>>> print(open('model-v3.txt').read())   # compact mmCIF, C-alpha atoms
# COMPACT_ATOMS: atom_id res chain seq x y z
CA MET A 38 97.03 92.18 101.18
CA GLY A 39 98.29 91.05 104.55
CA LEU A 40 100.33 92.49 107.34
CA PHE A 41 103.61 91.48 105.69
CA ASP A 42 102.98 93.88 102.82
CA ARG A 43 102.76 96.73 105.29
CA LEU A 44 106.12 95.87 106.88
CA PHE A 45 107.88 96.86 103.67
CA GLY A 46 105.49 99.58 102.56
CA GLY A 47 103.93 97.40 99.87
CA GLY A 48 100.32 97.82 100.85
CA SER A 49 97.78 97.32 103.57
CA LYS A 50 94.45 95.74 104.25
CA LYS A 51 93.14 99.28 104.49
CA ASP A 52 93.89 101.71 101.68
CA ASP A 53 94.26 104.57 104.15
CA GLN A 54 97.01 102.92 106.18
CA PRO A 55 100.44 104.62 105.92
CA LYS A 56 102.95 102.94 103.62
CA ILE A 57 105.76 103.00 106.18
CA PRO A 58 108.29 100.15 106.16
CA PHE A 59 109.64 98.69 109.40
CA GLY A 60 112.57 96.49 110.28
CA ARG A 61 115.68 95.36 108.51
CA TYR A 62 115.43 94.33 104.91
CA SER A 63 115.87 90.62 104.19
CA ASP A 64 116.33 89.00 100.80
CA SER A 65 115.21 85.64 102.18
CA TYR A 66 111.56 86.08 101.19
CA LYS A 67 111.81 85.18 97.51
CA SER A 68 109.24 83.75 95.12
CA ASN A 69 109.29 80.28 93.59
CA THR A 70 110.07 81.92 90.25
CA GLN A 71 113.20 83.50 91.71
CA TYR A 72 114.37 80.17 93.13
CA ASP A 73 113.86 78.64 89.69
CA GLU A 74 116.05 81.38 88.23
CA TRP A 75 118.76 80.54 90.76
CA ASP A 76 118.70 76.86 89.81
CA ALA A 77 118.91 77.80 86.14
CA SER A 78 121.85 80.11 86.86
CA VAL A 79 123.77 77.33 88.62
CA ASN A 80 123.04 74.85 85.83
CA LYS A 81 124.13 77.27 83.10
CA PHE A 82 127.35 78.06 84.94
CA GLU A 83 128.19 74.39 85.34
CA SER A 84 127.79 73.96 81.58
CA ASN A 85 130.12 76.95 81.00
CA SER A 86 127.32 79.15 79.59
CA PHE A 87 128.53 82.05 81.72
CA LEU A 88 126.52 84.95 80.31
CA ASP A 89 123.33 82.88 80.33
CA SER A 90 124.11 82.02 83.94
CA TYR A 91 124.37 85.70 84.84
CA ARG A 92 121.11 86.53 83.05
CA HIS A 93 119.32 84.07 85.30
CA PHE A 94 121.33 85.31 88.29
CA PHE A 95 120.11 88.88 87.92
CA ASN A 96 116.55 87.62 87.49
CA TYR A 97 117.00 85.85 90.82
CA LEU A 98 118.25 89.03 92.52
CA GLY A 99 115.64 91.32 91.04
CA ASP A 100 112.36 92.16 92.71
CA GLN A 101 110.02 93.79 90.22
CA SER A 102 107.90 95.33 92.96
CA ILE A 103 110.81 97.55 94.06
CA ASN A 104 112.93 97.70 90.86
CA ASN A 105 116.14 97.01 92.76
CA VAL A 106 118.08 95.49 89.85
CA SER A 107 118.35 96.69 86.26
CA ILE A 108 120.42 95.28 83.40
CA VAL A 109 121.29 96.19 79.82
CA ASP A 110 121.89 93.01 77.85
CA ASN A 111 124.06 93.70 74.81
CA GLY A 112 124.39 90.08 73.78
CA ASP A 113 128.11 89.72 74.35
CA ASN A 114 128.08 91.58 77.71
CA ILE A 115 125.64 92.52 80.45
CA ALA A 116 125.77 95.88 82.22
CA PHE A 117 124.00 95.92 85.59
CA GLU A 118 122.97 98.27 88.37
CA ILE A 119 122.01 97.08 91.85
CA LEU A 120 120.47 99.30 94.52
CA GLN A 121 121.55 98.80 98.12
CA GLY A 122 120.38 101.45 100.54
CA SER A 123 121.93 104.79 99.67
CA LYS A 124 124.41 103.22 97.23
CA LYS A 125 124.40 101.82 93.70
CA VAL A 126 126.57 98.92 92.60
CA THR A 127 127.28 99.07 88.87
CA GLY A 128 129.21 96.59 86.81
CA LEU A 129 129.75 94.62 83.65
CA CYS A 130 129.75 90.91 82.88
CA THR A 131 131.57 89.66 79.80
CA ASP A 132 132.52 86.17 78.68
CA LYS A 133 135.86 86.66 80.43
CA LYS A 134 135.43 88.86 83.52
CA VAL A 135 132.93 90.27 85.99
CA GLN A 136 133.60 93.76 87.36
CA ALA A 137 131.58 95.71 89.92
CA SER A 138 132.04 98.94 91.85
CA ALA A 139 130.14 101.33 94.10
CA LYS A 140 131.03 104.97 94.71
CA VAL A 141 130.99 105.54 98.46
CA VAL A 142 131.85 109.23 99.00
CA LYS A 143 133.41 112.10 97.09
CA CYS A 144 136.77 113.32 98.42
CA ASN A 145 137.58 117.02 98.35
CA ARG A 146 140.98 116.21 99.81
CA LEU A 147 142.67 113.09 101.07
CA ASN A 148 143.02 112.42 104.77
CA VAL A 149 145.19 109.88 106.54
CA GLY A 150 142.40 109.16 109.06
CA PHE A 151 139.84 107.67 106.70
CA MET A 152 142.47 106.21 104.36
CA ARG A 153 144.03 104.20 107.21
CA ARG A 154 140.62 103.05 108.42
CA LEU A 155 139.61 101.78 104.99
CA MET A 156 142.96 100.09 104.43
CA GLU A 157 142.46 98.22 107.71
CA LYS A 158 138.94 97.22 106.63
CA ASN A 159 140.35 95.76 103.43
CA TYR A 160 142.12 93.08 105.47
CA ASN A 161 138.76 91.74 106.66
CA LEU A 162 137.05 91.74 103.26
CA LYS A 163 136.83 88.45 101.38
CA TYR A 164 135.92 89.60 97.88
CA GLY A 165 135.98 93.39 97.42
CA ARG A 166 138.20 96.23 98.56
CA PHE A 167 138.03 99.93 99.21
CA ALA A 168 139.97 101.97 96.68
CA LEU A 169 140.33 105.44 95.12
CA ASP A 170 139.19 106.06 91.57
CA GLU A 171 140.74 108.51 89.11
CA ALA A 172 138.86 111.42 90.71
CA ASP A 173 139.99 110.43 94.24
CA ASN A 174 136.52 109.23 95.17
CA ILE A 175 136.32 106.35 97.65
CA ILE A 176 134.81 103.32 95.95
CA MET A 177 134.27 99.63 96.62
CA ARG A 178 135.57 97.33 93.87
CA PHE A 179 135.29 93.69 92.96
CA ASP A 180 136.46 91.82 89.86
CA THR A 181 137.07 88.23 88.93
CA TYR A 182 137.41 85.94 85.92
CA VAL A 183 134.18 84.21 84.93
CA VAL A 184 135.61 80.71 85.38
CA ASP A 185 135.85 81.56 89.08
CA ALA A 186 132.60 83.56 89.27
CA SER A 187 129.96 81.02 90.16
CA PRO A 188 126.52 82.32 91.19
CA TRP A 189 127.43 81.52 94.80
CA LYS A 190 130.62 83.57 94.70
CA LEU A 191 128.97 86.38 92.73
CA TYR A 192 126.14 86.62 95.25
CA TYR A 193 128.40 86.90 98.28
CA ALA A 194 130.87 89.20 96.54
CA LEU A 195 128.20 91.66 95.40
CA LYS A 196 126.58 91.46 98.83
CA GLU A 197 129.87 92.34 100.52
CA VAL A 198 130.50 95.27 98.19
CA ALA A 199 126.92 96.56 98.47
CA ASN A 200 126.58 96.30 102.24
CA ASN A 201 129.97 97.81 103.01
CA ALA A 202 129.49 100.71 100.61
CA ASP A 203 126.02 101.38 102.03
CA LYS A 204 127.17 101.33 105.63
CA GLN A 205 130.39 103.29 105.31
CA ASP A 206 129.10 106.32 103.43
CA ASP A 207 127.04 107.71 106.33
CA LEU A 208 129.72 106.88 108.88
CA LEU A 209 132.49 108.56 106.90
CA LEU A 210 130.38 111.62 106.12
CA ASP A 211 129.50 112.03 109.79
CA GLU A 212 133.14 112.06 110.88
CA PHE A 213 135.15 113.66 108.05
CA ASP A 214 134.10 117.07 106.77
CA MET A 215 136.26 116.86 103.64
CA LEU A 216 133.94 114.16 102.24
CA GLU A 217 130.68 114.69 100.34
CA PRO A 218 127.78 112.42 99.38
CA ILE A 219 127.84 110.88 95.93
CA ASN A 220 125.49 108.71 93.86
CA ASN A 221 122.60 108.89 96.35
CA SER A 222 119.94 110.61 94.24
CA HIS A 223 117.80 107.46 94.38
CA ILE A 224 117.12 107.62 98.14
CA GLN A 225 113.52 108.37 99.10
CA HIS A 226 113.05 111.32 101.42
CA ILE A 227 110.36 111.21 104.10
CA ASP A 228 108.38 114.24 105.16
CA ASP A 229 109.31 116.35 108.17
CA GLN A 230 106.16 115.37 110.07
CA GLU A 231 107.14 111.70 110.08
CA LYS A 232 110.70 112.65 111.02
CA GLU A 233 109.39 114.75 113.91
CA ILE A 234 107.25 111.88 115.20
CA LYS A 235 110.20 109.50 115.00
CA TYR A 236 112.57 111.99 116.62
CA ASN A 237 110.16 112.53 119.52
CA TYR A 238 109.78 108.77 119.87
CA ILE A 239 113.55 108.33 120.06
CA LYS A 240 113.84 110.99 122.78
CA LYS A 241 110.80 109.74 124.70
CA THR A 242 111.85 106.09 124.57
CA ILE A 243 115.39 106.72 125.76
CA ASP A 244 114.45 109.28 128.41
CA HIS A 245 111.67 107.09 129.77
CA THR A 246 113.83 103.95 129.82
CA LEU A 247 116.75 105.65 131.57
CA ASN A 248 114.45 107.34 134.11
CA LYS A 249 112.76 104.02 134.80
CA ILE A 250 116.12 102.35 135.36
CA ASP A 251 117.29 105.14 137.69
CA GLY A 252 114.41 104.23 140.00
CA LEU A 253 115.43 100.56 140.26
CA ASP A 254 117.92 98.87 142.53
CA SER A 255 120.68 97.91 140.09
CA ASN A 256 121.64 94.87 142.14
CA LYS A 257 118.16 93.45 142.62
CA PHE A 258 116.94 94.31 139.13
CA SER A 259 120.04 93.74 137.01
CA GLY A 260 118.18 91.34 134.72
CA GLY A 261 115.13 93.58 134.41
CA ILE A 262 117.32 96.59 133.63
CA ALA A 263 119.03 94.63 130.86
CA TYR A 264 115.68 93.66 129.34
CA LEU A 265 114.48 97.29 129.40
CA LEU A 266 117.65 98.48 127.66
CA LEU A 267 117.73 95.73 125.07
CA TYR A 268 114.07 96.08 124.17
CA SER A 269 114.58 99.83 123.78
CA LEU A 270 117.49 99.45 121.37
CA TYR A 271 115.80 96.74 119.28
CA LYS A 272 112.51 98.59 118.97
CA LEU A 273 114.32 101.78 117.99
CA ASP A 274 116.15 99.87 115.27
CA TYR A 275 112.94 98.20 114.07
CA LEU A 276 110.57 101.16 114.20
CA ILE A 277 112.86 104.05 113.21
CA LYS A 278 115.01 102.20 110.62
CA PRO A 279 117.86 104.67 111.13
CA GLU A 280 120.90 104.98 108.91
CA GLY A 281 124.43 106.11 109.68
CA PHE A 282 125.47 107.06 113.21
CA MET A 283 122.35 105.89 115.04
CA MET A 284 122.25 102.55 113.25
CA GLU A 285 125.92 101.96 114.06
CA ALA A 286 125.36 102.99 117.71
CA LEU A 287 122.51 100.49 118.09
CA GLU A 288 124.58 97.74 116.47
CA ARG A 289 127.48 98.62 118.77
CA CYS A 290 125.18 98.27 121.80
CA HIS A 291 124.20 94.82 120.60
CA ARG A 292 127.82 93.79 120.11
CA ILE A 293 128.86 95.14 123.50
CA TYR A 294 126.11 93.36 125.41
CA PHE A 295 126.66 89.97 123.78
CA ALA A 296 130.46 90.12 123.66
CA ARG A 297 132.15 87.23 125.42
CA ASP A 298 134.27 89.27 127.78
CA ASN A 299 134.73 89.66 131.51
CA ASN A 300 132.18 92.45 131.95
CA THR A 301 129.18 91.72 134.15
CA VAL A 302 125.56 92.36 133.14
CA HIS A 303 125.62 95.43 135.38
CA GLN A 304 128.73 96.81 133.65
CA LYS A 305 127.35 96.15 130.20
CA SER A 306 124.07 97.85 131.12
CA ASP A 307 126.01 100.93 132.20
CA ILE A 308 127.70 101.06 128.80
CA LEU A 309 124.36 100.69 127.01
CA LYS A 310 122.89 103.53 129.05
CA LYS A 311 125.72 105.83 127.96
CA GLU A 312 125.32 104.81 124.33
CA LEU A 313 121.57 105.46 124.38
CA ARG A 314 122.12 108.82 126.05
CA THR A 315 124.55 109.73 123.26
CA ILE A 316 121.81 109.01 120.71
CA ALA A 317 119.22 111.04 122.65
CA ASP A 318 121.61 114.00 122.93
CA ARG A 319 122.37 114.01 119.21
CA PRO A 320 121.15 117.21 117.49
CA LYS A 321 117.76 116.91 115.84
CA GLU A 322 119.09 117.91 112.42
CA GLU A 323 121.69 115.14 112.58
CA LEU A 324 119.07 112.50 113.41
CA PHE A 325 116.81 113.91 110.69
CA LYS A 326 119.58 113.38 108.12
CA GLU A 327 119.66 109.69 109.03
CA MET A 328 115.95 109.21 108.35
CA TYR A 329 115.21 108.28 104.77
CA ARG A 330 113.90 105.31 102.83
CA VAL A 331 115.93 103.14 100.57
CA THR A 332 115.63 100.20 98.20
CA SER A 333 117.82 97.22 99.01
CA THR A 334 118.85 94.00 97.32
CA PHE A 335 120.84 92.21 100.01
CA GLY A 336 119.91 91.62 103.63
CA ILE A 337 122.31 91.60 106.56
CA THR A 338 120.47 88.98 108.62
CA ASN A 339 120.89 85.22 108.28
CA PRO A 340 117.83 83.03 107.62
CA VAL A 341 116.74 80.65 110.38
CA ASN A 342 113.81 78.29 110.74
CA HIS A 343 110.99 78.33 113.27
CA ASP A 344 112.84 75.95 115.58
CA ARG A 345 115.42 78.67 116.24
CA VAL A 346 112.62 81.06 117.23
CA VAL A 347 111.11 78.40 119.50
CA SER A 348 114.46 77.83 121.18
CA PHE A 349 114.91 81.52 121.86
CA ILE A 350 111.39 81.89 123.28
CA ASP A 351 111.95 78.87 125.54
CA GLY A 352 115.18 80.34 126.82
CA GLU A 353 113.81 83.78 127.70
CA LEU A 354 110.03 83.93 128.16
CA ASN A 355 109.80 82.54 131.68
CA ASN A 356 112.09 85.32 132.88
CA MET A 357 109.09 87.65 132.76
CA ASP A 358 107.09 85.71 135.35
CA TRP A 359 108.54 87.27 138.51
CA TYR A 360 108.04 90.80 137.18
CA LYS A 361 104.52 89.97 136.01
CA ASP A 362 103.55 88.42 139.35
CA ASN A 363 105.13 91.20 141.45
CA ASN A 364 103.55 94.18 139.68
CA TYR A 365 106.37 95.32 137.42
CA PRO A 366 104.36 95.26 134.18
CA GLU A 367 106.74 97.39 132.13
CA ILE A 368 109.69 95.12 132.82
CA ALA A 369 107.48 92.08 132.27
CA VAL A 370 106.41 93.11 128.74
CA SER A 371 109.97 94.11 127.86
CA VAL A 372 110.88 90.40 127.89
CA PRO A 373 108.58 89.32 125.02
CA GLY A 374 109.33 92.66 123.36
CA TYR A 375 113.03 91.81 123.59
CA ILE A 376 112.43 88.34 122.16
CA ALA A 377 110.62 89.74 119.12
CA GLY A 378 113.14 92.54 118.67
CA TYR A 379 116.19 90.31 119.02
CA CYS A 380 114.89 87.78 116.50
CA MET A 381 114.09 90.44 113.89
CA PHE A 382 117.39 92.26 114.51
CA ASN A 383 119.54 89.17 114.11
CA TYR A 384 117.68 86.76 111.85
CA ALA A 385 115.58 86.44 108.74
CA ILE A 386 112.86 84.47 110.47
CA PRO A 387 109.97 82.70 108.71
CA GLN A 388 107.40 85.10 107.34
CA PRO A 389 104.55 84.17 109.75
CA ASP A 390 106.86 84.66 112.75
CA ARG A 391 107.92 88.06 111.46
CA GLU A 392 104.37 89.21 110.83
CA LEU A 393 103.18 88.04 114.24
CA PHE A 394 106.16 89.63 115.99
CA HIS A 395 105.35 92.87 114.18
CA LEU A 396 101.79 92.70 115.47
CA LEU A 397 103.10 92.32 119.03
CA ILE A 398 105.32 95.41 118.60
CA GLU A 399 102.37 97.29 117.14
CA ILE A 400 100.36 96.44 120.26
CA LEU A 401 103.14 97.27 122.73
CA GLU A 402 103.93 100.56 120.96
CA ALA A 403 100.33 101.44 120.06
CA ASP A 404 100.68 105.18 120.72
CA PHE A 405 103.60 105.49 118.29
CA PHE A 406 101.69 103.74 115.51
CA LYS A 407 98.67 105.97 116.09
CA GLU A 408 100.85 109.07 115.84
CA LEU A 409 102.13 107.79 112.50
CA GLY A 410 98.54 107.53 111.30
CA PHE A 411 97.79 103.83 111.66
CA THR A 412 94.14 103.28 112.49
CA ASN A 413 94.37 99.76 113.93
CA ASP A 414 92.88 99.87 117.41
CA PHE A 415 94.69 96.96 119.03
CA TYR A 416 95.44 98.48 122.44
CA ASP A 417 94.31 101.56 124.35
CA GLY A 418 97.12 102.77 126.59
CA GLY A 419 94.76 105.03 128.55
CA THR A 420 92.27 102.35 129.56
CA LYS A 421 94.83 99.55 129.27
CA LYS A 422 92.31 97.51 127.30
CA LEU A 423 93.18 95.10 124.50
CA ASN A 424 90.87 94.87 121.49
CA ARG A 425 90.22 91.13 121.34
CA SER A 426 88.35 91.11 118.03
CA ALA A 427 90.81 93.39 116.18
CA ILE A 428 93.80 91.34 117.31
CA LYS A 429 92.21 88.03 116.35
CA GLN A 430 91.20 89.46 113.00
CA GLU A 431 94.78 90.54 112.32
CA ILE A 432 96.08 87.10 113.27
CA SER A 433 93.59 85.58 110.84
CA SER A 434 94.94 87.90 108.14
CA VAL A 435 98.45 86.61 108.82
CA VAL A 436 97.25 83.03 108.47
CA LYS A 437 95.39 83.77 105.25
CA SER A 438 98.41 85.38 103.59
CA ASN A 439 100.75 82.53 104.58
CA THR A 440 98.66 79.39 104.42
CA ARG A 441 99.80 78.39 100.92
CA LYS A 442 103.44 78.11 101.99
CA TYR A 443 102.64 77.00 105.54
CA PRO A 444 99.54 74.78 105.24
CA LYS A 445 99.65 73.74 108.92
CA LEU A 446 99.69 77.33 110.20
CA ASP A 447 96.85 77.43 112.75
CA PRO A 448 97.49 79.76 115.72
CA ASN A 449 95.54 78.81 118.84
CA THR A 450 93.91 82.19 119.49
CA SER A 451 91.67 80.65 122.16
CA SER A 452 94.76 80.40 124.38
CA LEU A 453 95.27 84.18 124.40
CA ASP A 454 94.81 85.94 127.75
CA PHE A 455 93.40 89.46 127.25
CA SER A 456 93.15 90.35 130.95
CA THR A 457 96.32 92.49 131.12
CA LEU A 458 99.07 93.48 128.70
CA PRO A 459 101.75 91.29 130.39
CA ALA A 460 99.40 88.30 130.49
CA PHE A 461 98.53 88.81 126.84
CA ALA A 462 102.16 89.22 125.79
CA LYS A 463 103.14 85.93 127.42
CA SER A 464 100.18 83.98 126.03
CA TYR A 465 100.80 85.51 122.60
CA MET A 466 104.44 84.42 122.65
CA LEU A 467 103.41 80.91 123.64
CA MET A 468 100.93 80.90 120.74
CA ILE A 469 103.79 81.75 118.35
CA ARG A 470 106.03 79.20 120.04
CA ASN A 471 103.50 76.42 119.37
CA LEU A 472 102.97 77.19 115.67
CA ASP A 473 103.46 74.38 113.19
CA LEU A 474 105.46 75.74 110.27
CA SER A 475 106.29 72.37 108.81
CA SER A 476 105.54 71.20 105.28
CA GLU A 477 107.01 74.37 103.85
CA LYS A 478 106.97 74.54 100.11
CA LYS A 479 109.82 76.07 98.21
>>> encode(input="model-v3.txt", output="structure tokens")
Amino acid sequence: MGLFDRLFGGGSKKDDQPKIPFGRYSDSYKSNTQYDEWDASVNKFESNSFLDSYRHFFNYLGDQSINNVSIVDNGDNIAFEILQGSKKVTGLCTDKKVQASAKVVKCNRLNVGFMRRLMEKNYNLKYGRFALDEADNIIMRFDTYVVDASPWKLYYALKEVANNADKQDDLLLDEFDMLEPINNSHIQHIDDQEKEIKYNYIKKTIDHTLNKIDGLDSNKFSGGIAYLLLYSLYKLDYLIKPEGFMMEALERCHRIYFARDNNTVHQKSDILKKELRTIADRPKEELFKEMYRVTSTFGITNPVNHDRVVSFIDGELNNMDWYKDNNYPEIAVSVPGYIAGYCMFNYAIPQPDRELFHLLIEILEADFFKELGFTNDFYDGGTKKLNRSAIKQEISSVVKSNTRKYPKLDPNTSSLDFSTLPAFAKSYMLMIRNLDLSSEKK
């Protein structure tokens, strides 16, 4: 198995490597069999064989390796259950209607605060809506007649219901004490040791970043400060995989920084510093509650091709040169770190790009991975030495696991500069930038 399996906890080249998933889930990495099921679903729908269409549709959604979708086919109707994070979407398809719902939280008493918020959110929803069931539980609902329930519409409707239910439960529970969790028995708890390591990493990362920034001239280093902050928030999102408050705080930081408003880079950086400090000051037990593993069906990132990655590298990478040449190595490596983090935060990038970006993060954050129990010796922070052979071997593993879909994948490892970490990071990014991911097969 290759590096990609390890990103989602599916395996490792070494049996003793931890099965710890990283990064945001994406449903873009599907098999040829799943794509065939999608085509069959569309064809059956167009011939008005609605239930047959939905049978193929759920085969397309389902991933047998994680058991994210289950159905009960009764011939004249299909009952289904879809896992999305801490929530379950259940529903029924008949020859007339499709209905789906997800219980979000249990209400002990109604409150105008969360009811108004959810009513306002309903205005921005395209397919589903927040509602109260007979027991006054907050749910997400969607229903439609089958003649209007094409696989395309069904996919986006179920995705909207699933993602909104999954996101809102933690946020509502954190703010309103009259609400209780519901239908979350399927979440996978992680042990306290891993939580402790992640909690310490959160505190250390934020404290170190803010202390580093305090020692810089905010006028002279406004760009460098922004890169330090953005790399910190993206690596926290990727490595910790938080839920609830912390996830929303990191997403809010991203929205604030890239909002098209009149705030300067300096002003936006000040806001990000305050947001990160809020996360660092959050009680340990609250952060612990937001650390758990889940099974998902729908991603929240949009798929892009390698050209989009190339464009982003071209637009940012050279900004590290001044810091690299003037002995600011930490700011210098934050630029390629930011590039990798931004791409994986925002997009479902091609699989080789994702695996190689993960390897870069594993090198830049080597101490964290070692604390988690990973035995890959890519970089020694004490001696500041890069392990040339281990890194090249891992790159070869990425090529081997992707060469069938990307037959022209041939990274130029001879171009890598192992003299210093900043020099390596830049040469590594250029290696990724020059990959040929053409001739992709479906």
>>> closest_residue(input="model-v3.txt", among="A:Lys235, A:Lys125, A:Arg314, A:Lys278", to="His223 in chain A", atoms="only C-alpha atoms")
A:Lys125
>>> residues_around(input="model-v3.txt", residues="Ser433 in chain A", least_positions_apart="3", cutoff="12 Å", atoms="only C-alpha atoms", output="ChimeraX atom specification")
/A:39-40,389,392-393,396,426-430,436-440,446-450
>>> closest_residue(input="model-v3.txt", among="A:Ile316, A:Cys380, A:Val198, A:Met328", to="Pro340 in chain A", atoms="all atoms listed in the file")
A:Cys380
>>> residues_around(input="model-v3.txt", residues="Asn174 in chain A", least_positions_apart="3", cutoff="7 Å", atoms="only C-alpha atoms", output="PyMOL selection string")
chain A and resi 140+142-144+169-170
>>> write_last_selection(input="model-v3.txt", atoms="C-alpha atoms", output="JSON list (two decimals), in the frame of the given file")
[["chain", "number", "residue", "atom", "x", "y", "z"],
["A", 140, "LYS", "CA", 131.03, 104.97, 94.71],
["A", 142, "VAL", "CA", 131.85, 109.23, 99.00],
["A", 143, "LYS", "CA", 133.41, 112.10, 97.09],
["A", 144, "CYS", "CA", 136.77, 113.32, 98.42],
["A", 169, "LEU", "CA", 140.33, 105.44, 95.12],
["A", 170, "ASP", "CA", 139.19, 106.06, 91.57]]
>>> atom_distance(input="model-v3.txt", atom1="CA of Phe59 in chain A", atom2="CA of Ala199 in chain A")
20.6 Å
>>> atom_distance(input="model-v3.txt", atom1="CA of Asp214 in chain A", atom2="CA of Arg292 in chain A")
27.6 Å
>>> residues_around(input="model-v3.txt", residues="Arg178 in chain A", least_positions_apart="3", cutoff="10 Å", atoms="only C-alpha atoms", output="PyMOL selection string")
chain A and resi 126-128+136-140+164-170+175+194-195+198-199+202
>>> atom_distance(input="model-v3.txt", atom1="CA of Asn413 in chain A", atom2="CA of Val341 in chain A")
29.6 Å
>>> residues_around(input="model-v3.txt", residues="range 279-291 of chain A", least_positions_apart="4", cutoff="8 Å", atoms="all atoms listed in the file", output="PyMOL selection string")
chain A and resi 204-208+211+267+270-271+274+295+308-309+312+316+324+327-329
>>> closest_residue(input="model-v3.txt", among="A:Val331, A:Ala77, A:Val109, A:Val149", to="Gln121 in chain A", atoms="all atoms listed in the file")
A:Val331
>>> closest_residue(input="model-v3.txt", among="A:Arg319, A:Lys272, A:Ile277, A:Leu453", to="Ile398 in chain A", atoms="all atoms listed in the file")
A:Lys272
>>> closest_residue(input="model-v3.txt", among="A:Arg154, A:Lys232, A:Lys445, A:Arg330", to="Pro58 in chain A", atoms="only C-alpha atoms")
A:Arg330
